Structure formats: structure tokens, C-alpha cells
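Asker: Input file: target-v3.cif. Contents: mmCIF, C-alpha atoms.
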data_model
#
loop_
_atom_site.label_atom_id
_atom_site.label_comp_id
_atom_site.auth_asym_id
_atom_site.auth_seq_id
_atom_site.Cartn_x
_atom_site.Cartn_y
_atom_site.Cartn_z
CA MET F 1142 90.85 133.83 117.31
CA ARG F 1143 87.60 132.74 118.93
CA HIS F 1144 86.97 132.63 122.66
CA ALA F 1145 87.40 129.37 124.54
CA ASP F 1146 84.36 127.10 124.46
CA PRO F 1147 82.85 127.03 127.98
CA ARG F 1148 81.91 123.36 127.68
CA PRO F 1149 84.41 121.02 129.33
CA ARG F 1150 85.64 118.85 126.47
CA ALA F 1151 86.13 115.82 128.71
CA ARG F 1152 82.51 115.97 129.82
CA VAL F 1153 81.25 116.09 126.22
CA LEU F 1154 83.36 113.08 125.27
CA ALA F 1155 82.32 111.13 128.35
CA VAL F 1156 78.66 111.60 127.61
CA GLY F 1157 79.32 110.26 124.12
CA LEU F 1158 76.03 111.46 122.67
CA GLY F 1159 77.12 114.58 120.79
CA LEU F 1160 75.14 116.78 123.16
CA THR F 1161 75.30 120.50 122.61
CA ALA F 1162 76.11 123.19 125.14
CA ALA F 1163 72.45 124.12 125.36
CA ALA F 1164 71.64 120.60 126.55
CA ILE F 1165 74.29 120.25 129.27
CA LEU F 1166 74.81 123.77 130.59
CA PRO F 1167 72.51 126.34 132.14
CA SER F 1168 70.90 128.50 129.48
CA GLY F 1169 72.87 131.58 130.44
CA LEU F 1170 76.19 129.83 129.90
CA ALA F 1171 75.02 128.16 126.70
CA GLY F 1172 74.05 131.55 125.28
CA ALA F 1173 77.55 132.83 125.93
CA SER F 1174 79.04 130.26 123.55
CA ASP F 1175 80.62 131.76 120.43
CA LYS F 1176 80.11 130.65 116.86
CA TYR F 1177 81.27 127.43 115.29
CA GLN F 1178 83.98 128.15 112.72
CA TRP F 1179 83.63 126.48 109.30
CA ALA F 1180 86.09 126.93 106.43
CA ALA F 1181 85.11 125.93 102.87
CA LEU F 1182 88.02 125.24 100.52
CA GLY F 1183 87.97 124.03 96.93
CA ASP F 1184 87.85 124.69 93.20
CA SER F 1185 85.11 125.77 90.76
CA PHE F 1186 82.85 122.89 91.84
CA THR F 1187 82.84 124.64 95.23
CA THR F 1188 82.78 128.30 94.14
CA GLY F 1189 79.69 127.96 91.94
CA VAL F 1190 81.30 129.95 89.10
CA PHE F 1191 78.29 130.86 86.92
CA VAL F 1192 75.21 129.87 88.96
CA GLY F 1193 74.40 133.02 90.93
CA GLU F 1194 75.31 136.59 91.76
CA PRO F 1195 79.07 137.00 92.19
CA ARG F 1196 80.57 137.02 95.68
CA PRO F 1197 81.90 139.70 96.13
CA ALA F 1198 79.57 141.63 93.84
CA LEU F 1199 80.67 142.97 90.48
CA GLY F 1200 82.41 146.29 90.97
CA ASP F 1201 83.39 145.53 94.56
CA ALA F 1202 87.02 146.45 95.21
CA SER F 1203 87.55 143.19 97.10
CA ARG F 1204 86.86 140.96 94.09
CA ASP F 1205 89.72 138.48 93.72
CA GLY F 1206 88.94 136.58 90.51
CA CYS F 1207 87.93 133.37 92.30
CA ASP F 1208 84.34 133.37 90.95
CA ARG F 1209 82.43 132.48 94.11
CA THR F 1210 78.67 132.90 93.71
CA ALA F 1211 75.49 133.09 95.74
CA ASN F 1212 74.29 129.64 94.62
CA ALA F 1213 77.44 127.67 95.40
CA TYR F 1214 76.92 124.81 97.84
CA PRO F 1215 78.72 126.54 100.75
CA GLU F 1216 76.18 129.37 100.43
CA PHE F 1217 73.25 126.91 100.38
CA VAL F 1218 74.59 125.17 103.47
CA ASP F 1219 75.35 128.45 105.22
CA ARG F 1220 71.76 129.62 104.76
CA ALA F 1221 70.40 126.31 106.06
CA LEU F 1222 72.65 126.45 109.13
CA ALA F 1223 71.57 130.03 109.81
CA GLU F 1224 67.90 128.99 109.71
CA SER F 1225 68.49 126.03 112.01
CA PRO F 1226 71.80 126.36 113.89
CA PRO F 1227 73.24 123.03 115.04
CA GLY F 1228 72.42 122.71 118.73
CA GLY F 1229 71.26 126.32 118.69
CA ARG F 1230 74.79 127.55 118.11
CA PRO F 1231 75.45 129.75 115.06
CA VAL F 1232 78.05 128.92 112.44
CA ARG F 1233 80.47 131.33 110.81
CA LEU F 1234 81.47 130.38 107.26
CA THR F 1235 84.74 131.49 105.72
CA ASP F 1236 84.68 130.55 102.04
CA ALA F 1237 88.19 130.66 100.59
CA SER F 1238 87.45 128.49 97.55
CA CYS F 1239 88.73 129.61 94.17
CA SER F 1240 87.90 128.55 90.64
CA GLY F 1241 90.82 126.85 88.92
CA ALA F 1242 92.45 125.79 92.19
CA THR F 1243 94.64 122.70 92.36
CA VAL F 1244 95.54 120.60 95.39
CA ALA F 1245 98.71 122.68 95.87
CA ASP F 1246 96.62 125.87 96.07
CA ILE F 1247 94.85 124.62 99.19
CA ALA F 1248 97.79 124.72 101.59
CA THR F 1249 101.03 125.44 99.73
CA ALA F 1250 100.91 127.56 96.60
CA ARG F 1251 99.79 131.07 95.76
CA GLN F 1252 97.22 130.88 92.98
CA THR F 1253 96.75 133.40 90.18
CA PRO F 1254 93.00 133.37 89.40
CA ILE F 1255 91.89 133.15 85.79
CA SER F 1256 88.34 134.51 86.00
CA PRO F 1257 87.10 135.85 82.66
CA VAL F 1258 84.65 138.16 84.45
CA GLN F 1259 85.80 141.78 84.39
CA PRO F 1260 89.49 141.11 85.06
CA PRO F 1261 91.53 144.17 86.04
CA ALA F 1262 94.10 145.64 83.71
CA GLY F 1263 97.15 143.45 83.96
CA GLY F 1264 95.18 140.47 85.23
CA TRP F 1265 94.33 139.18 88.68
CA SER F 1266 96.79 139.30 91.54
CA ALA F 1267 97.94 136.04 93.10
CA VAL F 1268 96.05 134.97 96.21
CA ASP F 1269 97.47 133.19 99.24
CA PRO F 1270 96.89 129.45 99.83
CA GLN F 1271 93.34 128.79 100.90
CA THR F 1272 94.30 127.60 104.37
CA THR F 1273 95.95 130.98 104.91
CA ARG F 1274 93.02 133.00 103.56
CA ALA F 1275 90.58 130.94 105.64
CA GLU F 1276 92.75 131.61 108.72
CA LEU F 1277 92.73 127.99 109.85
CA ASP F 1278 93.87 127.56 113.43
CA ASP F 1279 93.13 125.55 116.56
CA GLY F 1280 89.75 127.31 116.81
CA THR F 1281 88.52 126.02 113.44
CA ASP F 1282 85.76 123.44 114.01
CA VAL F 1283 85.18 122.01 110.54
CA VAL F 1284 86.88 122.22 107.14
CA THR F 1285 85.25 121.11 103.88
CA ILE F 1286 87.45 120.52 100.85
CA GLY F 1287 86.43 119.89 97.23
CA ILE F 1288 89.57 119.65 95.11
CA GLY F 1289 91.47 117.44 92.67
CA ALA F 1290 89.87 117.72 89.22
CA ASN F 1291 92.21 120.49 88.06
CA ASP F 1292 95.24 118.36 88.87
CA LEU F 1293 94.41 115.93 86.05
CA PRO F 1294 93.21 118.44 84.65
CA PHE F 1295 89.67 117.20 83.94
CA GLY F 1296 88.45 120.30 82.10
CA VAL F 1297 91.42 120.27 79.72
CA MET F 1298 90.81 116.58 79.11
CA LEU F 1299 87.21 117.31 78.11
CA ILE F 1300 88.38 119.90 75.57
CA LYS F 1301 91.04 117.52 74.19
CA CYS F 1302 88.45 114.77 73.83
CA LEU F 1303 86.13 117.26 72.08
CA GLU F 1304 88.86 118.27 69.63
CA LEU F 1305 89.85 114.68 68.85
CA GLY F 1306 86.19 113.67 68.55
CA GLN F 1307 85.65 116.38 65.95
CA ALA F 1308 88.48 114.78 63.98
CA GLY F 1309 86.89 111.35 64.31
CA ARG F 1310 89.52 110.17 66.78
CA SER F 1311 89.45 108.86 70.34
CA CYS F 1312 91.17 110.57 73.26
CA ARG F 1313 91.42 107.42 75.35
CA GLY F 1314 94.64 106.37 73.67
CA HIS F 1315 96.06 109.86 74.03
CA TYR F 1316 95.80 109.66 77.81
CA THR F 1317 96.50 105.96 78.39
CA ASP F 1318 99.49 105.85 76.01
CA PRO F 1319 100.38 109.54 75.78
CA PRO F 1320 102.81 111.24 73.44
CA GLU F 1321 106.29 111.91 74.73
CA GLY F 1322 106.36 114.62 77.37
CA GLU F 1323 102.82 113.99 78.64
CA ALA F 1324 101.87 111.92 81.67
CA SER F 1325 99.39 109.06 81.38
CA ILE F 1326 96.11 109.15 83.28
CA GLN F 1327 97.47 106.43 85.54
CA ASP F 1328 100.49 108.57 86.43
CA ARG F 1329 98.31 111.64 86.91
CA LEU F 1330 96.06 109.83 89.37
CA ALA F 1331 99.05 108.44 91.27
CA ARG F 1332 100.56 111.91 91.50
CA LEU F 1333 97.22 113.30 92.66
CA GLN F 1334 97.06 110.73 95.45
CA ASP F 1335 100.49 111.76 96.74
CA GLN F 1336 99.57 115.45 96.55
CA PHE F 1337 96.27 114.84 98.34
CA ILE F 1338 98.05 113.06 101.18
CA GLY F 1339 100.42 115.99 101.65
CA MET F 1340 97.58 118.51 101.44
CA LEU F 1341 95.41 116.81 104.07
CA ALA F 1342 98.41 116.52 106.38
CA LYS F 1343 98.95 120.28 106.11
CA VAL F 1344 95.25 121.02 106.70
CA HIS F 1345 95.25 118.90 109.85
CA ARG F 1346 98.35 120.67 111.14
CA ALA F 1347 96.83 124.09 110.42
CA ALA F 1348 93.51 123.18 112.09
CA PRO F 1349 94.38 120.46 114.63
CA ASN F 1350 90.95 120.44 116.29
CA ALA F 1351 88.86 120.54 113.13
CA LYS F 1352 86.78 117.79 111.61
CA VAL F 1353 87.84 117.56 107.97
CA ILE F 1354 85.30 116.68 105.30
CA THR F 1355 86.24 116.02 101.67
CA VAL F 1356 83.64 116.40 98.94
CA GLY F 1357 83.74 114.31 95.76
CA TYR F 1358 82.59 115.24 92.27
CA PRO F 1359 79.07 114.64 90.89
CA ALA F 1360 78.01 112.49 87.94
CA VAL F 1361 78.68 115.02 85.20
CA LEU F 1362 78.76 112.21 82.61
CA PRO F 1363 75.96 109.73 81.82
CA GLU F 1364 76.17 106.07 82.79
CA LYS F 1365 76.01 105.21 79.07
CA GLY F 1366 77.83 107.50 76.66
CA ARG F 1367 75.56 106.63 73.76
CA THR F 1368 72.69 108.45 75.49
CA CYS F 1369 74.32 111.77 74.55
CA THR F 1370 73.41 113.52 71.30
CA GLY F 1371 76.58 113.69 69.23
CA GLY F 1372 77.71 117.19 68.30
CA ASP F 1373 75.35 118.91 70.74
CA LEU F 1374 77.41 121.45 72.69
CA THR F 1375 74.63 121.81 75.26
CA GLN F 1376 75.59 118.24 76.12
CA LEU F 1377 79.12 116.92 75.48
CA GLY F 1378 79.58 118.00 71.88
CA SER F 1379 81.63 115.69 69.66
CA ILE F 1380 83.18 113.64 72.47
CA THR F 1381 82.61 110.06 71.33
CA ALA F 1382 80.38 107.69 73.28
CA ASP F 1383 83.36 105.41 73.98
CA ASP F 1384 85.39 108.33 75.31
CA ILE F 1385 82.49 109.43 77.52
CA ASP F 1386 82.40 105.93 79.03
CA TRP F 1387 86.15 105.99 79.52
CA LEU F 1388 86.14 109.48 81.05
CA ARG F 1389 83.40 108.36 83.46
CA ASP F 1390 84.88 105.03 84.58
CA ASP F 1391 88.64 105.52 84.33
CA VAL F 1392 88.90 109.22 85.11
CA LEU F 1393 86.00 110.69 87.08
CA LYS F 1394 85.20 107.63 89.17
CA GLN F 1395 88.88 106.98 89.79
CA LEU F 1396 89.30 110.60 90.86
CA ASN F 1397 86.55 110.18 93.44
CA ARG F 1398 87.97 106.84 94.62
CA THR F 1399 91.38 108.46 95.10
CA ILE F 1400 89.88 111.27 97.20
CA GLN F 1401 87.86 108.81 99.29
CA ARG F 1402 90.80 106.43 99.79
CA VAL F 1403 93.07 109.18 101.11
CA SER F 1404 90.30 110.68 103.24
CA ASP F 1405 89.58 107.28 104.81
CA ALA F 1406 93.29 106.84 105.59
CA PHE F 1407 93.22 110.09 107.57
CA GLY F 1408 89.99 109.15 109.34
CA ASP F 1409 88.19 112.04 107.63
CA ARG F 1410 84.64 112.08 106.30
CA TYR F 1411 84.08 111.74 102.58
CA VAL F 1412 80.86 113.08 101.05
CA ASP F 1413 79.76 111.07 98.02
CA VAL F 1414 77.81 113.34 95.69
CA TYR F 1415 78.31 111.07 92.65
CA ALA F 1416 75.80 108.35 93.51
CA PRO F 1417 72.93 110.75 94.35
CA SER F 1418 73.45 112.64 91.09
CA VAL F 1419 73.37 109.66 88.70
CA GLY F 1420 70.64 110.31 86.15
CA HIS F 1421 71.09 114.08 86.33
CA ASP F 1422 74.18 114.35 84.08
CA ALA F 1423 74.93 116.84 81.33
CA CYS F 1424 73.13 114.75 78.67
CA ARG F 1425 69.75 114.88 80.43
CA PRO F 1426 66.98 117.26 79.36
CA GLU F 1427 66.82 120.72 80.84
CA GLY F 1428 64.95 120.49 84.12
CA THR F 1429 66.38 117.02 84.82
CA ARG F 1430 70.05 117.76 84.46
CA TRP F 1431 71.97 118.99 87.48
CA VAL F 1432 75.03 119.66 85.33
CA GLU F 1433 75.23 122.00 82.35
CA GLY F 1434 76.97 120.71 79.23
CA LEU F 1435 79.97 122.24 77.50
CA CYS F 1436 77.67 125.18 76.71
CA GLY F 1437 74.71 125.90 78.96
CA ASN F 1438 72.63 128.30 80.99
CA ALA F 1439 74.48 130.77 83.18
CA GLU F 1440 74.14 134.22 84.71
CA ALA F 1441 74.39 137.17 82.32
CA HIS F 1442 77.84 138.17 83.60
CA TRP F 1443 79.34 134.84 82.46
CA PRO F 1444 80.96 134.75 78.97
CA GLY F 1445 79.96 132.53 76.08
CA SER F 1446 82.73 133.16 73.55
CA PHE F 1447 84.82 130.11 74.45
CA LEU F 1448 83.69 127.08 72.36
CA ASN F 1449 81.51 129.58 70.43
CA CYS F 1450 78.66 129.03 72.90
CA ALA F 1451 77.31 132.51 72.19
CA ALA F 1452 76.41 131.35 68.68
CA ILE F 1453 73.77 129.06 70.17
CA ASP F 1454 72.71 131.63 72.78
CA LYS F 1455 74.46 129.76 75.59
CA ARG F 1456 77.44 130.42 77.82
CA THR F 1457 80.58 128.40 78.49
CA THR F 1458 79.73 126.02 81.33
CA LEU F 1459 82.17 123.15 80.67
CA ALA F 1460 80.20 120.41 82.47
CA HIS F 1461 79.77 122.20 85.80
CA PRO F 1462 76.78 121.92 88.15
CA ASN F 1463 73.83 124.26 87.88
CA ALA F 1464 71.85 125.57 90.86
CA ALA F 1465 69.91 122.29 91.20
CA GLY F 1466 73.18 120.38 91.26
CA TYR F 1467 74.64 122.61 93.95
CA ALA F 1468 71.45 122.32 95.98
CA ASP F 1469 71.80 118.52 95.94
CA THR F 1470 75.48 118.69 96.89
CA ALA F 1471 74.56 121.12 99.66
CA ALA F 1472 72.05 118.69 101.17
CA HIS F 1473 74.74 116.03 101.59
CA VAL F 1474 77.42 118.44 102.76
CA GLU F 1475 75.02 120.00 105.26
CA ARG F 1476 74.38 116.65 106.91
CA ALA F 1477 78.10 115.99 107.17
CA VAL F 1478 78.84 119.47 108.57
CA ARG F 1479 76.07 119.21 111.18
CA ALA F 1480 77.28 115.79 112.31
CA ALA F 1481 80.86 117.02 112.55
CA LEU F 1482 79.95 120.13 114.53
CA LEU F 1483 77.81 118.21 117.01
CA GLU F 1484 80.79 115.97 117.73
CA HIS F 1485 82.74 118.96 119.09
#
Using the file provided, produce a representation of the structure as C-alpha cells.
Answerer:
Amino acid sequence: MRHADPRPRARVLAVGLGLTAAAILPSGLAGASDKYQWAALGDSFTTGVFVGEPRPALGDASRDGCDRTANAYPEFVDRALAESPPGGRPVRLTDASCSGATVADIATARQTPISPVQPPAGGWSAVDPQTTRAELDDGTDVVTIGIGANDLPFGVMLIKCLELGQAGRSCRGHYTDPPEGEASIQDRLARLQDQFIGMLAKVHRAAPNAKVITVGYPAVLPEKGRTCTGGDLTQLGSITADDIDWLRDDVLKQLNRTIQRVSDAFGDRYVDVYAPSVGHDACRPEGTRWVEGLCGNAEAHWPGSFLNCAAIDKRTTLAHPNAAGYADTAAHVERAVRAALLEH
């Protein structure tokens, strides 16, 4: 639990200019202020999975199978805030994100990580909900959340579309008029919206004084599916151009709209990282793309056996951001975090 902030809250609100303690209090008192508390929650688009040195390091006894890395966007933002603290006040990051997380894993469920990187004998132990591990309370100042794709689940859909594309078939029909026992994409998005509402309500209860910021998903797919090279696993493999267009418009964009709609209803900030990343999708040339394809470049510790990526000297990246992509996301998240903190 952090110490009480010496700034009178009523005075800050009355001024209405987002002034910091250093601007309204004598320097001695301002220096006594403790750190802002920021909690980063989310899935593999938050953890960074394969883009940097593992956090914790390989071999560290505290590794939990969540695949956080040094080049994830929370790490980029944390370094920027350390170099230039908002209002001169340092920020303490608690990153509880975990690859493979669903909306339920944020505030309700215990998640069993599925990291393929040096798993212990018997597999990874279940971890507590992220709000618990981040120790959210009334002293938390800001919470960022990037979650929702695994509830569809988007990665599984990509693999299904790849498999059907290899057979010369489309996956659009499979998800819009699914076989018995499977939910349609429309039902999956509706269910996600309900789950997101419940999750944000729980986050606000756990951290009643925090500014909550949700982070959308980048443009992993091109604006025109035909720009991809068919069969190229460093792009989107055998997923058909029509399915790429459908996945972009009716799945990924609808996912982001759902997150933004619920966030707006709660009065929370939504960070759009889709629009700034258009033109940097998985089908762009290396050096332009901010997203690796189904197989791509990754750190040496990351496996390549899935999808037979090792056969083309690549690793399994499954349309996730690379370091350039996380750096762009970080720039937008940083602005949102700074604005939120200076409102306290």
C-alpha cells in the first residue's frame, strides 16, 4: 500500500489544469511524494512473447510461463516514463500480463500458462487473476488492459483459415454458419462484449481511484487481402484473400469496436493502435512490417516447430507484433498513461 498523496485532491480538481505536485507545493513537499502506481494487464499482444529477452530471465526460479519480454510495450513505456517522469514523479510498473490470457483471466479466473519455452516437468502452475497479481487497490493510479482476442479465439481462427485455405476452401462460412456445437462469430463477439463489461466492472471495483485505459489490436492484416503472397508462411500462408478481408473487417475490426464501445460506456480511455499501424501488416516487406507473419523473426529461445517454421529458418510468430510494432503501440499508450496520471 502506498503512502497518502500529500496533495489535497480538492485543490487539484479546483485548479482544473492537471498540475503536478511539483507545481503547486513547495519543493520539499513535492519531493516527498511517492511513486505513481501503474498496472499493465493483458494477453500476448501485451507480453511481447518473442520480441526480446524473457522477463523473468531464462533459468530464473520466478518464471511463470507468461512470456513477458524486454521489448513488450509496457517495457517501452516504462523506460520512457523513467527518463521523463510525468510531473517529475516516478512511476512504478507492475506488469501482470500473460500470454494466452482471456477476459476471464484478468479479474476472475486462474490461468494455466502454455508457454513453449522451457516448461517445467509437469507443466506450468496456474497463476492468479491478473488483478490479484498486480495487487490492484485504492492506491493504483492507472491500469492498462489489452485483452479479448483469445476469447474468439483469433489465433485459432487464423490456423483454421490456414487449414481450410490449403484445402481450397473458405473459413468465412465455417464461422458465420458454423457446424453444430460451434458458436458463430456473431455470437462470439456478443459473448465477448458481455464478458468485457463484467471484467471492467471488476477492475474498477478493485482499483476505484484508477484511470483505466484499454488498448486495441493493431492492423495485423492488410487492407486488401490480395496483396499477400499466397502460400508464404512468412506472411499469412494459404489463407485466401477473401478470408483475409473477412478476418480484417468482420473479426479484427469488430473486436476493436467492441472493446472501444464498452470502454466508452465506462468512461474509460481507449487507445486505437489499429489506425496508426495500417500499412505495416504481416504482408509487408521486412523492415516495413510491424507484425510478423505466421512464421517470422524471433529471439533464439522461441520455437519454430509449430507450422514447420523451422524448415524455412523462421520461428512461430502467428501474426504478432515485432519490436517496431510494440514501439509504435508504446508511443500511443505512453501518451494515454501520461495524460491519465497528470489528471490525478
Asker: Where does stretch 1266-1361 of chain F meet stretch 1430-1439 of chain F within 12 Å, residue by residue, with the nearest atom pair and distance in Å to one decimal for each, counting all atoms listed in the file, listed by chain and rising number, as CSV?
Answerer:
residue,atom,partner,partner_atom,distance
F:Gly1296,CA,F:Leu1435,CA,9.8
F:Val1297,CA,F:Leu1435,CA,11.8
F:Leu1299,CA,F:Leu1435,CA,8.8
F:Ile1300,CA,F:Leu1435,CA,8.9
F:Cys1302,CA,F:Leu1435,CA,11.9
F:Leu1303,CA,F:Leu1435,CA,9.6
F:Tyr1358,CA,F:Val1432,CA,11.2
F:Pro1359,CA,F:Val1432,CA,8.5
F:Ala1360,CA,F:Val1432,CA,8.2
F:Val1361,CA,F:Val1432,CA,5.9
Asker: Quick check, in Å to one decimal: how far apart do atom CA of F:Ala1262 and atom CA of F:Thr1457 lie?
Answerer: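 Separation of atom CA of F:Ala1262 and atom CA of F:Thr1457: 22.5 Å.
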Asker: Would you kindly return, as a PyMOL selection string, each protein, DNA or RNA residue with an atom no farther than 10 Å from any atom of stretch 1313-1319 of chain F, considering only C-alpha atoms and excluding same-chain residues fewer than 3 positions away?
Answerer: chain F and resi 1298+1301-1302+1305+1310+1322-1329+1383-1388+1391
Asker: Check which residues satisfy the PyMOL selection byres ((chain F and resi 1187-1190) around 7) in the file shown, then give them as number ranges by chain.
Answerer: F: 1183-1186, 1191-1192, 1208-1210, 1212-1214, 1238-1240, 1287
Asker: Taking into account all atoms listed in the file, which residue in the set F:Glu1475, F:Ile1380, F:Leu1448, F:Asn1463 is nearest to F:Ala1308?
Answerer: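 Ranked by minimum distance to F:Ala1308, first place goes to F:Ile1380.
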Asker: Each residue of stretch 1189-1270 of chain F with at least one atom at most 10 Å from stretch 1333-1346 of chain F should appear once, together with its nearest atom pair and the corresponding distance in Å (one decimal); atoms considered: all atoms listed in the file; ordering: chain, then increasing residue number; output as a Markdown table.
Answerer:
| residue | atom | partner | partner_atom | distance |
| --- | --- | --- | --- | --- |
| F:Thr1243 | CA | F:Gln1336 | CA | 9.7 |
| F:Val1244 | CA | F:Phe1337 | CA | 6.5 |
| F:Ala1245 | CA | F:Met1340 | CA | 7.0 |
| F:Asp1246 | CA | F:Met1340 | CA | 9.2 |
| F:Ile1247 | CA | F:Met1340 | CA | 7.1 |
| F:Ala1248 | CA | F:Met1340 | CA | 6.2 |
| F:Thr1249 | CA | F:Met1340 | CA | 7.9 |
Asker: Please list as a list in words every residue within 8 Å of stretch 1369-1374 of chain F, counting only C-alpha atoms and excluding residues in the same chain fewer than 2 positions away.
Answerer: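 Once the nearby chain positions are removed, what remains is Pro1363, Gly1366, Arg1367, Gln1376, Leu1377, Gly1378, Ser1379, Ile1380, Thr1381, Ala1382, Cys1424, Gly1434, Leu1435, Cys1436 and Cys1450 of chain F.
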Asker: Would you list the contacts of F:Ala1351 as number ranges by chain, taking every protein, DNA or RNA residue within 6 Å and counting only C-alpha atoms, but skipping same-chain residues closer than 3 positions in sequence?
Answerer: F: 1281-1283, 1348
Asker: Once the PyMOL selection byres ((chain F and resi 1261) around 12) is applied to the coordinates I shared, what remains selected? I want it as a list in words.
Answerer: Leu1199, Gly1200, Asp1201, Ala1202, Ser1203, Arg1204, Asp1205, Gly1206, Pro1254, Ile1255, Ser1256, Pro1257, Val1258, Gln1259, Pro1260, Ala1262, Gly1263, Gly1264, Trp1265 and Ser1266 of chain F
Asker: Please measure the separation of atom CA of F:Ala1460 and atom CA of F:Gly1289, giving the value in Å to one decimal.
Answerer: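 Computing it gives 15.5 Å between the two atoms.
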Asker: Record the distance separating atom CA of F:Arg1230 and atom CA of F:Arg1479, expressed in Å with one decimal.
Answerer: 10.9 Å
